[in-house]
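J.: As input, take target-v3.cif (mmCIF, C-alpha atoms and all ligand atoms):
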data_data
#
loop_
_atom_site.label_atom_id
_atom_site.label_comp_id
_atom_site.auth_asym_id
_atom_site.auth_seq_id
_atom_site.Cartn_x
_atom_site.Cartn_y
_atom_site.Cartn_z
CA MET A 1 -0.56 -7.37 18.68
CA SER A 2 -0.08 -9.00 22.03
CA MET A 3 -2.50 -9.58 24.86
CA CYS A 4 -1.47 -10.61 28.33
CA PRO A 5 -2.15 -14.32 29.01
CA ASN A 6 -4.66 -13.58 31.79
CA VAL A 7 -6.83 -11.62 29.43
CA LEU A 8 -6.57 -14.41 26.88
CA ILE A 9 -7.71 -17.01 29.38
CA LEU A 10 -10.64 -14.83 30.45
CA LEU A 11 -11.67 -14.22 26.86
CA THR A 12 -11.45 -17.92 26.04
CA ALA A 13 -13.62 -18.82 29.02
CA VAL A 14 -16.26 -16.31 28.07
CA GLY A 15 -16.08 -17.55 24.49
CA VAL A 16 -16.69 -21.14 25.53
CA LEU A 17 -19.73 -20.05 27.53
CA LEU A 18 -21.10 -18.08 24.62
CA CYS A 19 -20.72 -21.14 22.43
CA TYR A 20 -23.48 -22.96 24.22
CA HIS A 21 -26.19 -20.63 23.07
CA GLY A 22 -28.93 -22.60 21.34
CA PHE A 23 -29.63 -22.76 17.67
CA PHE A 24 -32.50 -20.99 15.98
CA THR A 25 -35.53 -22.96 15.11
CA PRO A 26 -36.72 -21.75 11.72
CA GLY A 27 -40.23 -20.45 12.30
CA LEU A 28 -41.13 -18.98 8.97
CA GLU A 29 -42.31 -20.68 5.83
CA ILE A 30 -39.62 -21.00 3.22
CA PHE A 31 -39.85 -18.68 0.28
CA ALA A 32 -41.95 -20.66 -2.14
CA SER A 33 -42.11 -18.61 -5.30
CA GLN A 34 -40.60 -20.39 -8.25
CA SER A 35 -41.70 -17.81 -10.79
CA PRO A 36 -39.23 -17.28 -13.63
CA MET A 37 -36.86 -14.38 -13.28
CA THR A 38 -38.06 -11.22 -14.94
CA ILE A 39 -34.53 -10.04 -15.62
CA GLN A 40 -32.88 -10.34 -18.99
CA ALA A 41 -29.19 -11.04 -18.88
CA PHE A 42 -27.93 -11.60 -22.39
CA GLY A 43 -24.51 -13.17 -22.66
CA VAL A 44 -24.89 -14.88 -19.30
CA PRO A 45 -25.63 -18.62 -19.44
CA SER A 46 -29.19 -19.35 -18.31
CA TYR A 47 -27.93 -21.63 -15.53
CA ALA A 48 -26.29 -18.61 -13.86
CA ILE A 49 -29.82 -17.29 -13.43
CA ASP A 50 -31.55 -20.61 -12.75
CA TYR A 51 -29.18 -21.54 -9.91
CA ALA A 52 -28.78 -18.04 -8.39
CA PRO A 53 -28.70 -18.35 -4.57
CA LEU A 54 -31.48 -17.13 -2.29
CA ILE A 55 -30.39 -15.47 0.94
CA TRP A 56 -32.12 -15.47 4.30
CA LEU A 57 -31.46 -12.25 6.22
CA ASP A 58 -31.42 -12.55 10.00
CA VAL A 59 -34.65 -11.95 11.89
CA ASN A 60 -32.95 -9.12 13.82
CA GLU A 61 -31.09 -7.61 10.86
CA LYS A 62 -30.84 -3.80 10.88
CA TYR A 63 -28.48 -3.30 7.93
CA PHE A 64 -30.09 -4.58 4.75
CA PRO A 65 -28.79 -5.03 1.20
CA SER A 66 -28.13 -1.65 -0.34
CA ASP A 67 -27.99 0.19 -3.59
CA MET A 68 -24.46 0.37 -4.96
CA TYR A 69 -25.00 3.86 -6.36
CA ALA A 70 -26.32 5.14 -3.01
CA GLN A 71 -22.84 4.38 -1.64
CA VAL A 72 -21.35 6.82 -4.14
CA ALA A 73 -24.05 9.45 -3.69
CA ASN A 74 -23.70 9.50 0.10
CA THR A 75 -19.90 9.56 0.30
CA ASN A 76 -16.90 11.64 -0.64
CA PRO A 77 -13.77 9.95 -1.96
CA MET A 78 -10.95 10.53 0.50
CA VAL A 79 -7.26 9.71 0.68
CA ASN A 80 -5.73 10.02 4.14
CA PHE A 81 -8.97 11.66 5.39
CA THR A 82 -8.78 14.39 2.75
CA VAL A 83 -11.35 14.70 -0.03
CA VAL A 84 -9.87 14.16 -3.47
CA ASP A 85 -11.11 16.31 -6.29
CA ALA A 86 -12.09 13.69 -8.78
CA THR A 87 -12.42 16.42 -11.44
CA GLN A 88 -15.07 14.45 -13.23
CA SER A 89 -18.08 15.19 -11.09
CA PRO A 90 -20.52 13.97 -10.18
CA LEU A 91 -19.17 10.50 -9.54
CA ASN A 92 -21.36 7.56 -10.45
CA LEU A 93 -20.98 3.82 -10.95
CA ASP A 94 -19.94 4.29 -14.57
CA ASN A 95 -17.02 6.61 -13.85
CA LEU A 96 -16.04 5.45 -10.34
CA ASN A 97 -12.74 4.10 -11.64
CA VAL A 98 -11.48 7.67 -12.26
CA LEU A 99 -10.60 7.40 -8.57
CA ASN A 100 -7.87 4.93 -9.53
CA LEU A 101 -5.90 8.02 -10.62
CA PHE A 102 -5.56 8.97 -6.94
CA GLY A 103 -4.00 7.43 -3.85
CA ASN A 104 -1.75 4.56 -4.97
CA ASP A 105 -3.76 3.55 -8.08
CA GLY A 106 -6.98 4.00 -6.14
CA LYS A 107 -6.06 1.52 -3.43
CA ASP A 108 -5.85 4.25 -0.79
CA VAL A 109 -9.16 5.86 -1.80
CA PHE A 110 -12.00 5.48 0.70
CA LEU A 111 -15.64 6.28 -0.10
CA THR A 112 -16.28 8.22 3.10
CA SER A 113 -19.71 8.93 4.53
CA ILE A 114 -20.64 12.60 4.16
CA LEU A 115 -22.74 12.41 7.32
CA ASP A 116 -21.18 11.34 10.60
CA VAL A 117 -21.71 7.59 10.84
CA ASP A 118 -22.37 7.91 14.57
CA THR A 119 -25.55 9.85 13.78
CA ASN A 120 -26.99 6.72 12.06
CA PRO A 121 -27.57 8.16 8.59
CA GLU A 122 -30.59 6.44 7.08
CA TRP A 123 -28.87 5.31 3.89
CA LEU A 124 -26.73 2.90 5.90
CA ASN A 125 -29.84 0.83 6.68
CA GLY A 126 -30.18 -0.35 3.09
CA VAL A 127 -33.43 -1.62 1.61
CA VAL A 128 -35.71 -4.28 3.08
CA PRO A 129 -36.58 -6.80 0.33
CA ASP A 130 -40.25 -6.94 -0.65
CA ALA A 131 -42.42 -10.06 -0.32
CA SER A 132 -40.87 -11.46 -3.52
CA GLY A 133 -37.33 -10.95 -2.17
CA LYS A 134 -36.54 -8.00 -4.41
CA THR A 135 -34.72 -4.90 -3.18
CA ASN A 136 -36.83 -2.27 -4.93
CA ASP A 137 -35.06 0.77 -6.38
CA ALA A 138 -31.78 -0.66 -5.14
CA THR A 139 -29.31 -2.67 -7.20
CA SER A 140 -27.65 -4.61 -4.42
CA CYS A 141 -25.85 -7.42 -6.24
CA ALA A 142 -23.25 -7.84 -8.98
CA ILE A 143 -23.22 -11.17 -10.81
CA ILE A 144 -19.95 -11.97 -12.57
CA VAL A 145 -19.36 -14.94 -14.86
CA ASN A 146 -15.86 -16.28 -15.47
CA ASP A 147 -15.75 -18.87 -18.25
CA HIS A 148 -12.52 -20.82 -17.73
CA GLY A 149 -13.03 -22.79 -20.95
CA SER A 150 -13.38 -26.57 -21.27
CA GLY A 151 -16.84 -26.37 -19.73
CA MET A 152 -15.75 -24.88 -16.41
CA VAL A 153 -17.62 -21.73 -15.48
CA ASP A 154 -17.56 -19.84 -12.18
CA VAL A 155 -20.43 -17.52 -11.32
CA PHE A 156 -19.91 -15.00 -8.53
CA TYR A 157 -22.92 -13.54 -6.77
CA MET A 158 -21.58 -10.44 -5.00
CA TYR A 159 -23.82 -9.04 -2.30
CA PHE A 160 -23.66 -5.40 -1.33
CA TYR A 161 -24.61 -3.81 2.00
CA ALA A 162 -23.99 -0.17 2.95
CA TYR A 163 -22.92 -1.02 6.49
CA ASN A 164 -21.34 -3.81 8.49
CA GLN A 165 -22.12 -3.91 12.19
CA GLY A 166 -19.44 -5.85 13.99
CA ASN A 167 -19.93 -8.30 16.83
CA THR A 168 -20.14 -7.26 20.45
CA VAL A 169 -17.35 -8.64 22.59
CA LEU A 170 -17.50 -8.07 26.34
CA PHE A 171 -19.80 -5.09 25.81
CA HIS A 172 -17.59 -3.61 23.12
CA GLU A 173 -18.85 -3.47 19.56
CA LEU A 174 -15.87 -4.23 17.35
CA GLY A 175 -15.26 -4.27 13.63
CA ASP A 176 -17.95 -1.90 12.33
CA HIS A 177 -17.39 -0.53 8.86
CA VAL A 178 -19.14 1.40 6.14
CA GLY A 179 -19.62 -0.73 3.01
CA ASP A 180 -19.77 -4.52 2.97
CA TRP A 181 -19.24 -6.98 0.14
CA GLU A 182 -19.93 -10.69 0.60
CA HIS A 183 -20.45 -13.41 -1.98
CA ASN A 184 -21.34 -16.87 -3.05
CA MET A 185 -19.59 -18.48 -5.97
CA ILE A 186 -20.94 -21.49 -7.83
CA ARG A 187 -18.59 -23.55 -9.97
CA PHE A 188 -20.32 -25.20 -12.92
CA ARG A 189 -19.06 -27.90 -15.22
CA ASP A 190 -20.94 -28.20 -18.52
CA GLY A 191 -23.79 -26.23 -16.96
CA VAL A 192 -24.08 -28.52 -13.94
CA PRO A 193 -23.36 -26.96 -10.54
CA GLN A 194 -20.51 -28.72 -8.71
CA GLN A 195 -19.49 -26.65 -5.69
CA VAL A 196 -20.61 -23.57 -3.80
CA TRP A 197 -18.44 -21.07 -1.93
CA TYR A 198 -19.81 -19.00 0.98
CA SER A 199 -17.73 -15.95 1.96
CA GLN A 200 -17.32 -15.31 5.67
CA HIS A 201 -15.09 -12.55 6.96
CA GLY A 202 -11.57 -13.05 5.54
CA ASN A 203 -12.28 -16.53 4.18
CA GLY A 204 -15.37 -18.78 4.06
CA GLU A 205 -16.59 -22.33 3.46
CA ALA A 206 -17.03 -24.53 0.39
CA PHE A 207 -19.62 -27.28 -0.05
CA THR A 208 -20.61 -29.61 -2.81
CA TYR A 209 -23.73 -28.37 -4.57
CA LYS A 210 -25.38 -31.63 -3.58
CA ALA A 211 -24.82 -30.90 0.13
CA VAL A 212 -26.28 -27.42 0.34
CA GLU A 213 -29.85 -26.56 1.25
CA LYS A 214 -31.87 -25.64 -1.85
CA GLU A 215 -35.16 -24.11 -2.85
CA GLY A 216 -35.83 -25.96 -6.07
CA LYS A 217 -32.43 -25.77 -7.78
CA ARG A 218 -31.31 -22.66 -5.99
CA PRO A 219 -28.76 -22.85 -3.15
CA ILE A 220 -29.78 -21.20 0.12
CA GLY A 221 -27.47 -18.88 2.01
CA TYR A 222 -27.88 -17.28 5.41
CA SER A 223 -26.56 -13.76 5.90
CA ALA A 224 -25.31 -13.13 9.42
CA ARG A 225 -26.90 -10.33 11.41
CA GLY A 226 -24.83 -7.19 10.99
CA SER A 227 -21.67 -8.79 9.59
CA HIS A 228 -23.42 -10.40 6.62
CA ALA A 229 -20.99 -13.30 6.52
CA THR A 230 -22.75 -15.86 4.32
CA TYR A 231 -23.36 -19.28 5.88
CA ALA A 232 -24.90 -22.46 4.55
CA THR A 233 -26.95 -23.08 7.70
CA ALA A 234 -29.07 -21.19 10.22
CA GLY A 235 -27.88 -20.89 13.79
CA THR A 236 -24.96 -19.57 15.78
CA HIS A 237 -21.53 -19.54 14.22
CA ASP A 238 -18.43 -18.72 16.13
CA HIS A 239 -15.56 -17.26 14.21
CA THR A 240 -12.57 -15.06 14.58
CA ILE A 241 -12.64 -11.79 12.74
CA PRO A 242 -9.61 -11.44 10.50
CA ASP A 243 -7.22 -8.88 11.89
CA LEU A 244 -8.78 -9.42 15.32
CA ASN A 245 -7.06 -12.49 16.62
CA LEU A 246 -9.47 -13.16 19.43
CA PRO A 247 -9.98 -16.69 20.71
CA ARG A 248 -12.33 -18.91 18.81
CA GLY A 249 -15.82 -18.93 20.27
CA LEU A 250 -15.71 -15.40 21.56
CA ILE A 251 -17.11 -13.66 18.54
CA GLN A 252 -20.26 -15.08 17.11
CA ASP A 253 -22.41 -14.65 14.06
CA TYR A 254 -26.13 -15.34 14.10
CA THR A 255 -28.19 -16.46 11.14
CA SER A 256 -31.90 -17.22 10.92
CA LYS A 257 -34.89 -17.14 8.60
CA GLY A 258 -35.90 -13.49 8.83
CA LYS A 259 -36.53 -11.89 5.45
CA ILE A 260 -35.74 -13.72 2.21
CA TRP A 261 -33.61 -11.84 -0.33
CA ASP A 262 -33.44 -12.80 -3.99
CA PRO A 263 -30.28 -10.93 -5.05
CA ALA A 264 -30.58 -11.80 -8.76
CA LYS A 265 -33.84 -9.84 -9.00
CA SER A 266 -31.96 -6.56 -8.65
CA ALA A 267 -28.47 -7.15 -9.97
CA TYR A 268 -25.88 -5.94 -12.44
CA TRP A 269 -24.50 -8.61 -14.75
CA TYR A 270 -20.97 -9.02 -16.07
CA THR A 271 -18.56 -11.43 -17.61
CA PHE A 272 -14.92 -11.41 -16.50
CA GLU A 273 -11.99 -12.18 -18.77
CA ALA A 274 -9.03 -13.41 -16.73
CA GLU A 275 -6.32 -12.93 -19.35
CA THR A 276 -6.93 -9.21 -19.58
CA SER A 277 -8.52 -8.77 -16.13
CA SER A 278 -11.40 -7.11 -17.91
CA PHE A 279 -15.11 -6.89 -17.24
CA HIS A 280 -17.81 -6.79 -19.89
CA ASN A 281 -21.31 -5.74 -19.05
CA VAL A 282 -23.98 -7.95 -20.50
CA ASP A 283 -26.57 -5.18 -20.66
CA SER A 284 -26.10 -1.44 -21.04
CA LYS A 285 -27.45 -0.86 -17.54
CA SER A 286 -24.60 -2.62 -15.75
CA PRO A 287 -21.94 0.01 -15.00
CA LEU A 288 -18.31 -0.90 -15.56
CA GLY A 289 -16.55 1.80 -13.52
CA ALA A 290 -17.73 0.25 -10.25
CA MET A 291 -16.10 -3.07 -11.19
CA TYR A 292 -12.73 -1.45 -11.95
CA PHE A 293 -12.63 0.80 -8.87
CA LYS A 294 -9.70 -0.41 -6.74
CA GLY A 295 -10.50 1.52 -3.58
CA GLN A 296 -12.61 0.87 -0.52
CA TRP A 297 -16.38 1.13 -0.41
CA GLY A 298 -16.44 2.81 3.01
CA ASP A 299 -14.65 5.06 5.47
CA GLU A 300 -11.02 4.55 6.45
CA GLN A 301 -10.52 3.30 10.01
CA TYR A 302 -10.86 6.26 12.34
CA ALA A 303 -7.77 7.30 14.29
CA GLY A 304 -7.57 6.32 17.94
CA SER A 305 -7.96 10.00 18.80
CA ASP A 306 -11.28 10.22 16.91
CA PRO A 307 -14.09 10.41 19.51
CA ARG A 308 -16.10 7.84 17.51
CA GLN A 309 -13.39 5.25 17.88
CA ASP A 310 -13.28 2.66 20.68
CA ASP A 311 -9.97 0.95 21.26
CA PHE A 312 -10.51 -2.26 23.21
CA LEU A 313 -7.25 -4.08 23.91
CA GLY A 314 -5.98 -2.92 20.56
CA PHE A 315 -9.14 -3.96 18.67
CA TYR A 316 -11.22 -1.22 17.16
CA LYS A 317 -14.88 -0.35 16.98
CA TYR A 318 -14.50 1.10 13.50
CA VAL A 319 -12.28 -0.49 10.89
CA SER A 320 -11.84 0.35 7.22
CA GLY A 321 -14.39 -0.41 4.53
CA PRO A 322 -13.79 -3.28 2.06
CA THR A 323 -12.54 -3.41 -1.49
CA GLY A 324 -15.00 -4.35 -4.22
CA PRO A 325 -15.60 -7.41 -6.44
CA GLN A 326 -12.42 -6.89 -8.51
CA ASP A 327 -10.36 -7.78 -5.41
CA LYS A 328 -12.12 -11.09 -4.64
CA GLN A 329 -9.95 -13.41 -6.78
CA LEU A 330 -12.28 -13.75 -9.74
CA ASN A 331 -10.05 -16.28 -11.52
CA ARG A 332 -9.72 -19.10 -9.00
CA THR A 333 -8.07 -22.45 -9.39
CA LYS A 334 -10.30 -23.91 -6.70
CA VAL A 335 -13.72 -22.79 -5.55
CA CYS A 336 -12.00 -21.26 -2.49
CA PRO A 337 -9.79 -18.20 -2.86
CA ASP A 338 -6.07 -18.93 -2.84
CA ASN A 339 -5.02 -17.57 0.55
CA GLY A 340 -2.90 -20.28 2.09
CA ILE A 341 -5.87 -21.77 3.97
CA LEU A 342 -6.76 -25.36 3.12
CA CYS A 343 -9.68 -25.60 0.68
CA ILE A 344 -12.04 -28.17 2.17
CA ILE A 345 -15.06 -29.07 0.03
CA ARG A 346 -17.61 -30.23 2.59
CA ASP A 347 -20.05 -32.89 1.43
CA SER A 348 -22.41 -32.41 4.33
CA LEU A 349 -23.84 -29.36 6.05
CA GLY A 350 -22.49 -28.14 9.36
CA PRO A 351 -22.41 -24.86 11.24
C1 LIG A 401 -1.80 11.99 6.21
O1 LIG A 401 -2.14 13.23 6.78
C2 LIG A 401 -1.42 13.55 7.95
C3 LIG A 401 -2.01 14.82 8.54
O2 LIG A 401 -2.44 15.70 7.58
C4 LIG A 401 0.05 13.69 7.59
O3 LIG A 401 0.81 14.01 8.74
C5 LIG A 401 0.54 12.38 7.01
O4 LIG A 401 1.85 12.50 6.57
C6 LIG A 401 -0.34 11.96 5.83
N1 LIG A 401 0.04 10.61 5.45
C7 LIG A 401 0.28 10.28 4.18
C8 LIG A 401 0.64 8.84 3.94
O5 LIG A 401 0.20 11.06 3.27
C1 LIG A 402 -7.12 -18.36 -14.69
O1 LIG A 402 -7.37 -19.56 -14.02
C2 LIG A 402 -7.00 -20.71 -14.74
C3 LIG A 402 -7.37 -21.91 -13.87
O2 LIG A 402 -8.66 -22.27 -14.14
C4 LIG A 402 -5.54 -20.71 -15.06
O3 LIG A 402 -5.22 -21.83 -15.87
C5 LIG A 402 -5.21 -19.43 -15.83
O4 LIG A 402 -3.83 -19.36 -16.03
C6 LIG A 402 -5.65 -18.22 -15.03
N1 LIG A 402 -5.45 -17.04 -15.80
C7 LIG A 402 -4.81 -15.99 -15.34
C8 LIG A 402 -4.64 -14.85 -16.28
O5 LIG A 402 -4.38 -15.93 -14.21
#
Once more with this new file: its structure as structure tokens, please.
T.:
Amino acid sequence: MSMCPNVLILLTAVGVLLCYHGFFTPGLEIFASQSPMTIQAFGVPSYAIDYAPLIWLDVNEKYFPSDMYAQVANTNPMVNFTVVDATQSPLNLDNLNVLNLFGNDGKDVFLTSILDVDTNPEWLNGVVPDASGKTNDATSCAIIVNDHGSGMVDVFYMYFYAYNQGNTVLFHELGDHVGDWEHNMIRFRDGVPQQVWYSQHGNGEAFTYKAVEKEGKRPIGYSARGSHATYATAGTHDHTIPDLNLPRGLIQDYTSKGKIWDPAKSAYWYTFEAETSSFHNVDSKSPLGAMYFKGQWGDEQYAGSDPRQDDFLGFYKYVSGPTGPQDKQLNRTKVCPDNGILCIIRDSLGP
């Protein structure tokens, strides 16, 4: 998609100006509780629990971690904006993969909000973690262990939010979508954490475990306001949204020490077997259908003619929801996903 050079220059200039916004000064006491986890996750190595990341949500966050089942309960599965009759109703997290029978093996299925998103349905707000960091009555994380053998084990901590609010660019809010999956991955060798991946938009950043901020043993992540991109530091982060090739510096994420979230306190637990691309739940409460569902966890991008849509220089207010954990390259060679972008393992923290 092409933009005229004048517009590009203007956008770049504004972006540079925006870059000089100051950094947050953390004002709140760090989450201090070191109490042992109350969860039982049989079949998962104890270090996957001991080293589970803690996430700071932004002080101005409006869209909190959310219950995975609430996403199913508040949506209809649609292909090309038409509800599919999944025959096996009601849908739940155990049977969600029946949707893979529709729309190109499920890939064209969108879990579409029953209520008009523009009316701010309450379920999109998610659940504010309690003082201990737990999202009560909401399972908002899926933890997936991939044992590569020879002592190498990757643990994915997949974070779920019902809604992604995009960044505002020149008074236009761009890149909103229903459903949002972000993650950390920790690569262990013989039970010792080596590297940590932080997902951010289409890619992310990798650090040595030694470099990252920790509370006790547990790596700290910062979830960006609205977009929930997961950063290793608090402050302002400029980035370019994938599929929106705007100049660097124009679109910014903000992270700060608002509410602490302890995703492992309300999580489903799985192991992943690469050879067969299969998931195993490690307790009977962790539903498998949700892991196999190949579709999107939110609405399909609204047409330009839809009154809810804003088309700004070919960039849209509403874009399509994301695919789930199964589509996040669970069997990686490196700690980064294999996407043609250089995998840099940073040994010091930076924005
Ligand atoms: C989607 O629906 C529209 C309108 O009903 C139709 O014209 C179009 O062919 C459909 N597209 C696909 C890929 O089925
Ligand atoms: C999984 O990843 C490992 C690298 O750790 C690789 O050797 C193996 O072939 C991969 N398996 C599959 C099924 O892709």
J.: How big is the axis-aligned box around the listed atoms of ligand LIG 401 (chain A) once 4 Å is added on each side, and where is its centre? Give both in Å to one decimal, as AutoDock Vina command-line options.
T.:
--center_x -0.3 --center_y 12.3 --center_z 6.0 --size_x 12.3 --size_y 14.9 --size_z 13.5
J.: Please check which protein, DNA or RNA residues sit within 9 Å of ligand LIG 401 (chain A), counting only C-alpha atoms and all ligand atoms, and write them as a list of chain:residue names.
T.: A:Val79, A:Asn80, A:Phe81, A:Thr82
J.: Place a sphere of radius 7 Å on (-17.7, -1.1, 12.1) in the file coordinates and name every protein, DNA or RNA residue with an atom inside or on its surface, counting all atoms listed in the file; give the answer as a PyMOL selection string.
T.: chain A and resi 164-166+174-178+317-319
J.: Could you give me, as JSON lines, a per-residue list for region 66-141 of chain A showing, wherever an atom lies at most 10 Å from an atom of region 255-270 of chain A, the closest pair of atoms and their distance in Å to one decimal, using all atoms listed in the file and sorting by chain then residue number from low to high?
T.:
{"residue": "A:Asp67", "atom": "CA", "partner": "A:Ser266", "partner_atom": "CA", "distance": 9.3}
{"residue": "A:Met68", "atom": "CA", "partner": "A:Ala267", "partner_atom": "CA", "distance": 9.9}
{"residue": "A:Val128", "atom": "CA", "partner": "A:Lys259", "partner_atom": "CA", "distance": 8.0}
{"residue": "A:Pro129", "atom": "CA", "partner": "A:Trp261", "partner_atom": "CA", "distance": 5.9}
{"residue": "A:Asp130", "atom": "CA", "partner": "A:Trp261", "partner_atom": "CA", "distance": 8.3}
{"residue": "A:Ala131", "atom": "CA", "partner": "A:Ile260", "partner_atom": "CA", "distance": 8.0}
{"residue": "A:Ser132", "atom": "CA", "partner": "A:Asp262", "partner_atom": "CA", "distance": 7.6}
{"residue": "A:Gly133", "atom": "CA", "partner": "A:Trp261", "partner_atom": "CA", "distance": 4.2}
{"residue": "A:Lys134", "atom": "CA", "partner": "A:Lys265", "partner_atom": "CA", "distance": 5.6}
{"residue": "A:Thr135", "atom": "CA", "partner": "A:Ser266", "partner_atom": "CA", "distance": 6.3}
{"residue": "A:Asn136", "atom": "CA", "partner": "A:Ser266", "partner_atom": "CA", "distance": 7.5}
{"residue": "A:Asp137", "atom": "CA", "partner": "A:Ser266", "partner_atom": "CA", "distance": 8.3}
{"residue": "A:Ala138", "atom": "CA", "partner": "A:Ser266", "partner_atom": "CA", "distance": 6.9}
{"residue": "A:Thr139", "atom": "CA", "partner": "A:Ser266", "partner_atom": "CA", "distance": 4.9}
{"residue": "A:Ser140", "atom": "CA", "partner": "A:Ala267", "partner_atom": "CA", "distance": 6.2}
{"residue": "A:Cys141", "atom": "CA", "partner": "A:Ala267", "partner_atom": "CA", "distance": 4.6}
J.: What residues have any atom no more than 7 Å from ligand LIG 402 (chain A) when counting all atoms listed in the file, and can you list them as a list in words?
T.: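 The residues within 7 Å of ligand LIG 402 (chain A), counting all atoms listed in the file, are His148, Ala274, Glu275, Thr276, Asn331, Arg332 and Thr333 of chain A.
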J.: Output C-alpha atoms of each residue in that selection to a file, as an mmCIF file, in the frame of the given file.
T.:
data_model
loop_
_atom_site.group_PDB
_atom_site.id
_atom_site.type_symbol
_atom_site.label_atom_id
_atom_site.label_comp_id
_atom_site.auth_asym_id
_atom_site.auth_seq_id
_atom_site.Cartn_x
_atom_site.Cartn_y
_atom_site.Cartn_z
ATOM 1 C CA HIS A 148 -12.520 -20.820 -17.730
ATOM 2 C CA ALA A 274 -9.030 -13.410 -16.730
ATOM 3 C CA GLU A 275 -6.320 -12.930 -19.350
ATOM 4 C CA THR A 276 -6.930 -9.210 -19.580
ATOM 5 C CA ASN A 331 -10.050 -16.280 -11.520
ATOM 6 C CA ARG A 332 -9.720 -19.100 -9.000
ATOM 7 C CA THR A 333 -8.070 -22.450 -9.390
#
J.: Show me the residues close to (-8.9, 5.0, -8.2) - anything with an atom within 9 Å, counting all atoms listed in the file - and format the list as a list of chain:residue names.
T.: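 Looking at atoms near the point gives A:Leu96, A:Asn97, A:Val98, A:Leu99, A:Asn100, A:Leu101, A:Phe102, A:Gly103, A:Asn104, A:Asp105, A:Gly106, A:Lys107, A:Asp108, A:Val109, A:Tyr292, A:Phe293, A:Lys294, A:Gly295.
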J.: Within 8 Å of Leu91 (chain A), counting all atoms listed in the file, which residues show up once you throw out same-chain ones fewer than 4 positions away? Write them as a list in words, please.
T.: Val72, Ala73, Ala86, Asn95 and Leu96 of chain A
J.: Nearest residue to Gly149 (chain A) out of A:Gly226, A:Gly191, A:Gly298, A:Gly340, using all atoms listed in the file?
T.: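 Smallest separation from Gly149 (chain A) among the options: A:Gly191.
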J.: For CA of Pro65 (chain A) and CA of Tyr161 (chain A), determine how far apart the two atoms are, in Å to one decimal place.
T.: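 Straight-line distance from CA of Pro65 (chain A) to CA of Tyr161 (chain A) works out to 4.4 Å.
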J.: Figure out the distance between CA of Asp283 (chain A) and CA of Ile49 (chain A), please, to one decimal in Å.
T.: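 CA of Asp283 (chain A) lies 14.5 Å from CA of Ile49 (chain A).
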J.: Report, in Å to a single decimal, how far apart CA of Gly321 (chain A) and CA of Leu288 (chain A) are.
T.: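 Pair CA of Leu288 (chain A) / CA of Gly321 (chain A) returns 20.5 Å.
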J.: Region 120-142 of chain A from the block above, C-alpha atoms, as a compact mmCIF listing (two decimals), in the first residue's frame, please?
T.:
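And here is the file that came out, part_4.txt:
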# COMPACT_ATOMS: atom_id res chain seq x y z
CA ASN A 120 -18.50 -1.32 24.43
CA PRO A 121 -19.85 -4.67 25.63
CA GLU A 122 -18.66 -5.23 29.18
CA TRP A 123 -17.07 -8.63 28.55
CA LEU A 124 -14.40 -6.98 26.41
CA ASN A 125 -13.00 -5.28 29.52
CA GLY A 126 -11.73 -8.55 30.97
CA VAL A 127 -11.03 -9.07 34.65
CA VAL A 128 -8.92 -6.86 36.91
CA PRO A 129 -6.49 -9.07 38.87
CA ASP A 130 -6.99 -9.11 42.63
CA ALA A 131 -4.35 -7.98 45.14
CA SER A 132 -2.53 -11.31 44.72
CA GLY A 133 -2.43 -10.90 40.92
CA LYS A 134 -5.07 -13.54 40.24
CA THR A 135 -7.83 -13.08 37.66
CA ASN A 136 -10.72 -14.51 39.67
CA ASP A 137 -13.30 -16.62 37.83
CA ALA A 138 -11.33 -16.09 34.64
CA THR A 139 -8.80 -18.48 33.15
CA SER A 140 -6.72 -16.02 31.20
CA CYS A 141 -3.53 -17.95 30.43
CA ALA A 142 -2.50 -21.18 28.72
